[in-house]
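Coordinates as given in model-v7.cif (mmCIF, C-alpha atoms):
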data_upload
loop_
_atom_site.group_PDB
_atom_site.id
_atom_site.type_symbol
_atom_site.label_atom_id
_atom_site.label_comp_id
_atom_site.auth_asym_id
_atom_site.auth_seq_id
_atom_site.Cartn_x
_atom_site.Cartn_y
_atom_site.Cartn_z
ATOM 1 C CA GLY P 220 77.254 34.593 165.680
ATOM 2 C CA ILE P 221 80.570 33.038 166.713
ATOM 3 C CA ILE P 222 79.462 29.467 165.932
ATOM 4 C CA ILE P 223 78.325 30.142 162.360
ATOM 5 C CA SER P 224 80.642 33.003 161.408
ATOM 6 C CA TYR P 225 83.887 31.560 162.717
ATOM 7 C CA ILE P 226 83.837 27.924 163.830
ATOM 8 C CA ILE P 227 81.602 26.409 161.141
ATOM 9 C CA VAL P 228 82.962 28.671 158.389
ATOM 10 C CA PHE P 229 86.494 27.616 159.355
ATOM 11 C CA ILE P 230 85.587 23.924 159.189
ATOM 12 C CA TYR P 231 83.684 24.475 155.942
ATOM 13 C CA SER P 232 86.633 26.231 154.340
ATOM 14 C CA ASN P 233 89.186 23.645 155.377
ATOM 15 C CA THR P 234 87.397 20.364 154.676
ATOM 16 C CA ASN P 235 85.766 18.709 151.690
ATOM 17 C CA PHE P 236 82.727 17.357 153.519
ATOM 18 C CA SER P 237 80.322 20.033 152.305
ATOM 19 C CA ARG P 238 81.297 19.424 148.691
ATOM 20 C CA LEU P 239 80.024 15.856 148.907
ATOM 21 C CA HIS P 240 76.417 16.992 149.542
ATOM 22 C CA LEU P 241 75.730 13.721 151.337
ATOM 23 C CA VAL P 242 72.152 14.595 152.349
ATOM 24 C CA SER P 243 71.342 17.268 149.755
ATOM 25 C CA ARG P 244 69.204 14.972 147.618
ATOM 26 C CA TRP P 245 67.162 13.657 150.520
ATOM 27 C CA PRO P 246 63.641 15.042 151.008
ATOM 28 C CA ALA P 247 63.654 17.925 153.515
ATOM 29 C CA ALA P 248 61.501 15.956 155.971
ATOM 30 C CA LEU P 249 64.010 13.078 155.963
ATOM 31 C CA GLN P 250 66.906 15.494 156.481
ATOM 32 C CA LEU P 251 65.141 17.047 159.460
ATOM 33 C CA LEU P 252 64.329 13.642 160.961
ATOM 34 C CA PHE P 253 67.924 12.464 160.493
ATOM 35 C CA PHE P 254 69.492 15.478 162.219
ATOM 36 C CA PHE P 255 66.765 15.501 164.883
ATOM 37 C CA VAL P 256 67.451 11.895 165.929
ATOM 38 C CA MET P 257 71.238 11.996 165.547
ATOM 39 C CA HIS P 258 71.648 15.203 167.537
ATOM 40 C CA ASP P 259 69.254 14.043 170.239
ATOM 41 C CA PHE P 260 71.222 10.795 170.589
ATOM 42 C CA TYR P 261 74.419 12.821 170.949
ATOM 43 C CA ILE P 262 72.810 15.161 173.508
ATOM 44 C CA TYR P 263 71.690 12.217 175.639
ATOM 45 C CA TRP P 264 75.228 10.835 175.893
ATOM 46 C CA PHE P 265 76.982 14.200 176.247
ATOM 47 C CA HIS P 266 74.467 15.298 178.879
ATOM 48 C CA ARG P 267 75.018 12.032 180.740
ATOM 49 C CA TYR P 268 78.779 12.514 180.506
ATOM 50 C CA GLN P 269 78.493 16.049 181.881
ATOM 51 C CA HIS P 270 76.960 14.679 185.066
ATOM 52 C CA HIS P 271 79.868 12.271 185.539
ATOM 53 C CA SER P 272 82.755 14.542 184.550
ATOM 54 C CA LYS P 273 84.183 17.032 187.051
ATOM 55 C CA ILE P 274 85.215 19.367 184.235
ATOM 56 C CA PHE P 275 82.027 19.306 182.172
ATOM 57 C CA TRP P 276 79.806 19.347 185.243
ATOM 58 C CA ARG P 277 81.251 22.772 186.062
ATOM 59 C CA ILE P 278 79.814 24.269 182.875
ATOM 60 C CA HIS P 279 76.526 22.400 183.325
ATOM 61 C CA GLU P 280 75.926 23.637 186.887
ATOM 62 C CA ALA P 281 74.444 26.889 185.591
ATOM 63 C CA HIS P 282 71.563 24.985 184.038
ATOM 64 C CA HIS P 283 70.807 23.184 187.309
ATOM 65 C CA SER P 284 71.331 26.137 189.633
ATOM 66 C CA THR P 285 67.828 27.605 189.415
ATOM 67 C CA ARG P 286 65.601 26.796 192.412
ATOM 68 C CA ASP P 287 62.449 27.162 190.306
ATOM 69 C CA VAL P 288 62.083 25.150 187.114
ATOM 70 C CA ASP P 289 59.937 26.949 184.553
ATOM 71 C CA TRP P 290 59.772 27.601 180.800
ATOM 72 C CA LEU P 291 62.808 29.914 180.937
ATOM 73 C CA SER P 292 65.044 27.328 182.625
ATOM 74 C CA GLY P 293 65.859 25.675 179.306
ATOM 75 C CA SER P 294 67.702 28.778 178.122
ATOM 76 C CA ARG P 295 69.827 29.017 181.275
ATOM 77 C CA SER P 296 73.171 27.541 180.238
ATOM 78 C CA HIS P 297 76.859 28.401 180.436
ATOM 79 C CA ALA P 298 78.242 30.034 177.286
ATOM 80 C CA LEU P 299 80.776 27.219 176.792
ATOM 81 C CA GLU P 300 78.045 24.599 176.933
ATOM 82 C CA ILE P 301 76.070 26.484 174.290
ATOM 83 C CA LEU P 302 79.200 26.816 172.139
ATOM 84 C CA ILE P 303 79.914 23.078 172.280
ATOM 85 C CA ASN P 304 76.382 21.828 171.758
ATOM 86 C CA GLN P 305 75.328 24.217 169.020
ATOM 87 C CA THR P 306 78.547 23.709 167.076
ATOM 88 C CA ILE P 307 77.999 19.942 167.132
ATOM 89 C CA GLU P 308 74.355 20.484 166.235
ATOM 90 C CA PHE P 309 74.690 22.858 163.292
ATOM 91 C CA ALA P 310 78.091 21.992 161.812
ATOM 92 C CA PRO P 311 76.928 18.610 160.415
ATOM 93 C CA MET P 312 73.952 20.281 158.729
ATOM 94 C CA VAL P 313 76.261 22.660 156.874
ATOM 95 C CA LEU P 314 79.014 20.143 156.166
ATOM 96 C CA LEU P 315 76.679 17.385 154.949
ATOM 97 C CA GLY P 316 74.773 19.732 152.662
ATOM 98 C CA ALA P 317 71.391 20.040 154.367
ATOM 99 C CA ALA P 318 68.787 22.340 152.875
ATOM 100 C CA PRO P 319 69.118 25.905 154.270
ATOM 101 C CA GLU P 320 65.741 25.725 156.021
ATOM 102 C CA ILE P 321 66.740 22.673 158.087
ATOM 103 C CA PRO P 322 68.885 24.543 160.664
ATOM 104 C CA LEU P 323 66.114 27.126 161.070
ATOM 105 C CA ILE P 324 63.400 24.529 161.629
ATOM 106 C CA LYS P 325 65.653 22.447 163.902
ATOM 107 C CA GLY P 326 66.568 25.521 165.965
ATOM 108 C CA MET P 327 62.899 26.449 166.366
ATOM 109 C CA ILE P 328 62.023 22.912 167.506
ATOM 110 C CA ASP P 329 64.885 22.993 170.034
ATOM 111 C CA ALA P 330 63.746 26.311 171.498
ATOM 112 C CA LEU P 331 60.093 25.318 171.798
ATOM 113 C CA TRP P 332 60.848 21.863 173.174
ATOM 114 C CA GLY P 333 63.278 23.303 175.713
ATOM 115 C CA MET P 334 60.561 25.647 176.965
ATOM 116 C CA TYR P 335 58.043 22.811 177.061
ATOM 117 C CA ILE P 336 60.020 20.230 179.060
ATOM 118 C CA HIS P 337 61.021 22.850 181.642
ATOM 119 C CA SER P 338 57.584 24.416 181.931
ATOM 120 C CA ASN P 339 55.797 24.330 185.271
ATOM 121 C CA ILE P 340 52.523 22.947 183.961
ATOM 122 C CA ASP P 341 50.457 19.891 184.787
ATOM 123 C CA VAL P 342 50.312 17.658 181.743
ATOM 124 C CA ASN P 343 49.681 13.961 181.358
ATOM 125 C CA SER P 344 51.487 12.571 178.326
ATOM 126 C CA GLY P 345 50.426 9.030 179.172
ATOM 127 C CA TRP P 346 52.218 6.336 177.203
ATOM 128 C CA LEU P 347 53.900 9.023 175.056
ATOM 129 C CA GLN P 348 56.249 9.717 177.981
ATOM 130 C CA PHE P 349 57.946 6.426 177.150
ATOM 131 C CA ILE P 350 58.804 7.796 173.692
ATOM 132 C CA ILE P 351 59.036 11.586 173.821
ATOM 133 C CA ASN P 352 60.082 13.754 176.732
ATOM 134 C CA GLY P 353 57.748 16.061 178.615
ATOM 135 C CA PRO P 354 57.836 18.239 181.751
ATOM 136 C CA GLU P 355 56.387 15.567 184.027
ATOM 137 C CA MET P 356 59.488 13.406 183.506
ATOM 138 C CA HIS P 357 62.175 15.999 182.903
ATOM 139 C CA ARG P 358 61.427 17.931 186.101
ATOM 140 C CA TRP P 359 62.847 14.972 188.042
ATOM 141 C CA HIS P 360 66.180 15.571 186.357
ATOM 142 C CA HIS P 361 66.313 18.910 188.207
ATOM 143 C CA ALA P 362 65.252 17.488 191.569
ATOM 144 C CA ASP P 363 67.397 18.361 194.574
ATOM 145 C CA LYS P 364 68.047 16.186 197.642
ATOM 146 C CA ASP P 365 66.406 13.135 196.085
ATOM 147 C CA ASP P 366 68.689 10.114 195.760
ATOM 148 C CA ASN P 367 66.226 8.247 193.541
ATOM 149 C CA ALA P 368 66.198 11.015 190.952
ATOM 150 C CA TYR P 369 69.954 11.678 191.091
ATOM 151 C CA ASN P 370 71.591 11.423 187.648
ATOM 152 C CA ARG P 371 68.437 10.302 185.877
ATOM 153 C CA ASN P 372 66.394 11.444 182.862
ATOM 154 C CA PHE P 373 69.107 12.816 180.593
ATOM 155 C CA SER P 374 66.958 12.812 177.458
ATOM 156 C CA THR P 375 65.751 16.075 176.001
ATOM 157 C CA LYS P 376 63.310 15.175 173.221
ATOM 158 C CA ILE P 377 63.347 11.418 172.783
ATOM 159 C CA ALA P 378 62.651 9.874 176.192
ATOM 160 C CA LEU P 379 63.242 6.445 174.713
ATOM 161 C CA TRP P 380 67.003 6.843 175.300
ATOM 162 C CA ASP P 381 66.497 6.891 179.082
ATOM 163 C CA TRP P 382 64.271 3.823 179.006
ATOM 164 C CA ILE P 383 66.655 1.887 176.735
ATOM 165 C CA PHE P 384 69.848 2.757 178.614
ATOM 166 C CA GLY P 385 68.463 2.398 182.134
ATOM 167 C CA THR P 386 68.479 6.022 183.298
ATOM 168 C CA ALA P 387 64.720 6.636 183.409
ATOM 169 C CA TYR P 388 63.026 7.702 186.634
ATOM 170 C CA PHE P 389 59.351 8.493 186.536
ATOM 171 C CA PRO P 390 57.199 8.179 189.661
ATOM 172 C CA PHE P 391 53.769 8.786 188.177
ATOM 173 C CA LYS P 392 51.588 11.531 189.715
ATOM 174 C CA GLU P 393 54.414 12.863 191.904
ATOM 175 C CA LYS P 394 56.533 15.997 191.711
ATOM 176 C CA PRO P 395 59.930 16.834 193.233
ATOM 177 C CA LYS P 396 59.819 18.769 196.488
ATOM 178 C CA LEU P 397 62.979 20.793 195.735
ATOM 179 C CA TYR P 398 64.906 21.930 192.682
ATOM 180 C CA GLY P 399 68.391 23.290 192.118
ATOM 181 C CA LEU P 400 71.764 22.710 193.766
ATOM 182 C CA SER P 401 71.349 23.438 197.470
ATOM 183 C CA TYR P 402 75.001 22.612 198.207
ATOM 184 C CA LEU P 403 76.158 25.395 195.908
ATOM 185 C CA ASN P 404 76.198 29.156 196.500
ATOM 186 C CA PHE P 405 75.704 30.017 192.844
ATOM 187 C CA PRO P 406 76.148 33.723 191.947
ATOM 188 C CA SER P 407 73.240 35.703 190.506
ATOM 189 C CA ASN P 408 75.350 37.959 188.272
ATOM 190 C CA TYR P 409 75.689 36.586 184.716
ATOM 191 C CA PHE P 410 79.409 37.338 184.326
ATOM 192 C CA LYS P 411 80.183 35.928 187.756
ATOM 193 C CA GLN P 412 78.303 32.792 186.721
ATOM 194 C CA LEU P 413 80.578 32.416 183.691
ATOM 195 C CA LEU P 414 83.680 32.683 185.866
ATOM 196 C CA PHE P 415 82.223 30.482 188.605
ATOM 197 C CA ALA P 416 82.791 27.403 186.449
ATOM 198 C CA PHE P 417 86.550 28.020 186.708
ATOM 199 C CA ARG P 418 86.678 28.383 190.498
ATOM 200 C CA LYS P 419 89.229 26.443 192.537
ATOM 201 C CA SER P 420 88.395 22.832 193.289
ATOM 202 C CA GLY P 421 86.381 22.435 196.483
ATOM 203 C CA SER P 422 85.066 26.004 196.411
ATOM 204 C CA THR P 423 81.299 26.413 196.658
#
Can I see the file as structure tokens?
Amino acid sequence: GIIISYIIVFIYSNTNFSRLHLVSRWPAALQLLFFFVMHDFYIYWFHRYQHHSKIFWRIHEAHHSTRDVDWLSGSRSHALEILINQTIEFAPMVLLGAAPEIPLIKGMIDALWGMYIHSNIDVNSGWLQFIINGPEMHRWHHADKDDNAYNRNFSTKIALWDWIFGTAYFPFKEKPKLYGLSYLNFPSNYFKQLLFAFRKSGST
């Protein structure tokens, strides 16, 4: 909607990037891999920054507010966070000349992976958890009242980022006892949630 019709179209119309077709001649599989890795690397660092920025944490609180982490938790995000992340995700695909099916495939992967890593299921990824992210590791990112898990596991798809940059936390065969933000009285109404990010400093 807004991202494609206005933001990306505006950038497309006022720059020459798309006319260069920088990735157009690449095989579709290579295009998908390129945007998959580059966007995931960005998400790791932006996600990490959100947890350390008073301003960006406000729009990320909605994602952490749920007391039960399940397959729907991945879609729970503030509208501004969605606007920022999806613009940065899809704009390069358009501007660098990716094949039209790439954004569709990438969007489908994002949706399915988001449901998977937030799902409340018992899986054992084994050594794969050191490379790709799964629910057994990501659930610790949503843990509440656990100092060991605080500000850890920022990766979404490629868990390798957490292991490389020292933010991994993975106590094997354990699960968090609590989820959410117990210090925060987060509203249940969607529109109140949107406005809650702009509350006065110190208000809970």
*How would you write, as an MDAnalysis selection string, the residues chosen by the PyMOL selection byres ((chain P and resi 293) around 9) on this structure?*
chainID P and resid 282 288:292 294:296 330 332:338
Quiz prompt | Distance query range 271-278 of chain P at most 7 Å, all atoms listed in the file, self and fewer than 3 positions along chain excluded, as a list in words | solution =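 Result of the neighbour search: Arg267, Tyr268, Ala281, His297, Leu299, Glu300 and Ala416 of chain P.
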Once you add 5 Å to each side, what are the centre and edge lengths of the axis-aligned box holding all listed atoms of range 267-284 of chain P? One decimal in Å, as AutoDock Vina command-line options, if you can.
--center_x 78.0 --center_y 19.5 --center_z 185.1 --size_x 24.4 --size_y 24.9 --size_z 19.1
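From CA of Gly326 in chain P back to CA of Tyr261 in chain P, the distance works out to 15.7 Å.
Considering only C-alpha atoms, the residue among P:Asp381, P:Glu355, P:Asp365, P:Glu308 positioned nearest to Asp329 in chain P is P:Glu308.
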Give me the residues within 10 Å of Val256 in chain P as a JSON list (two decimals) with C-alpha atoms, keeping the file's coordinate frame, counting all atoms listed in the file and dropping any in the same chain fewer than 6 places off.
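Below is the file that was written, result32.json:
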[["chain", "number", "residue", "atom", "x", "y", "z"],
["P", 262, "ILE", "CA", 72.81, 15.16, 173.51],
["P", 376, "LYS", "CA", 63.31, 15.18, 173.22],
["P", 377, "ILE", "CA", 63.35, 11.42, 172.78]]
Can you work out which one of P:Ile350, P:Ile301, P:Tyr388, P:Phe260 has the shortest atom-to-atom distance to Asp366 in chain P, counting all atoms listed in the file?
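Selected residue with least distance to Asp366 in chain P: P:Tyr388.
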- request: Skip Lys392 in chain P itself and residues of its chain fewer than 5 positions away, then list as a list in words all residues within 12 Å of it, counting only C-alpha atoms.
  value: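 So the residues in contact are Asp341, Val342, Asn343, Ser344, Gly345, Glu355, Met356 and Trp359 of chain P.
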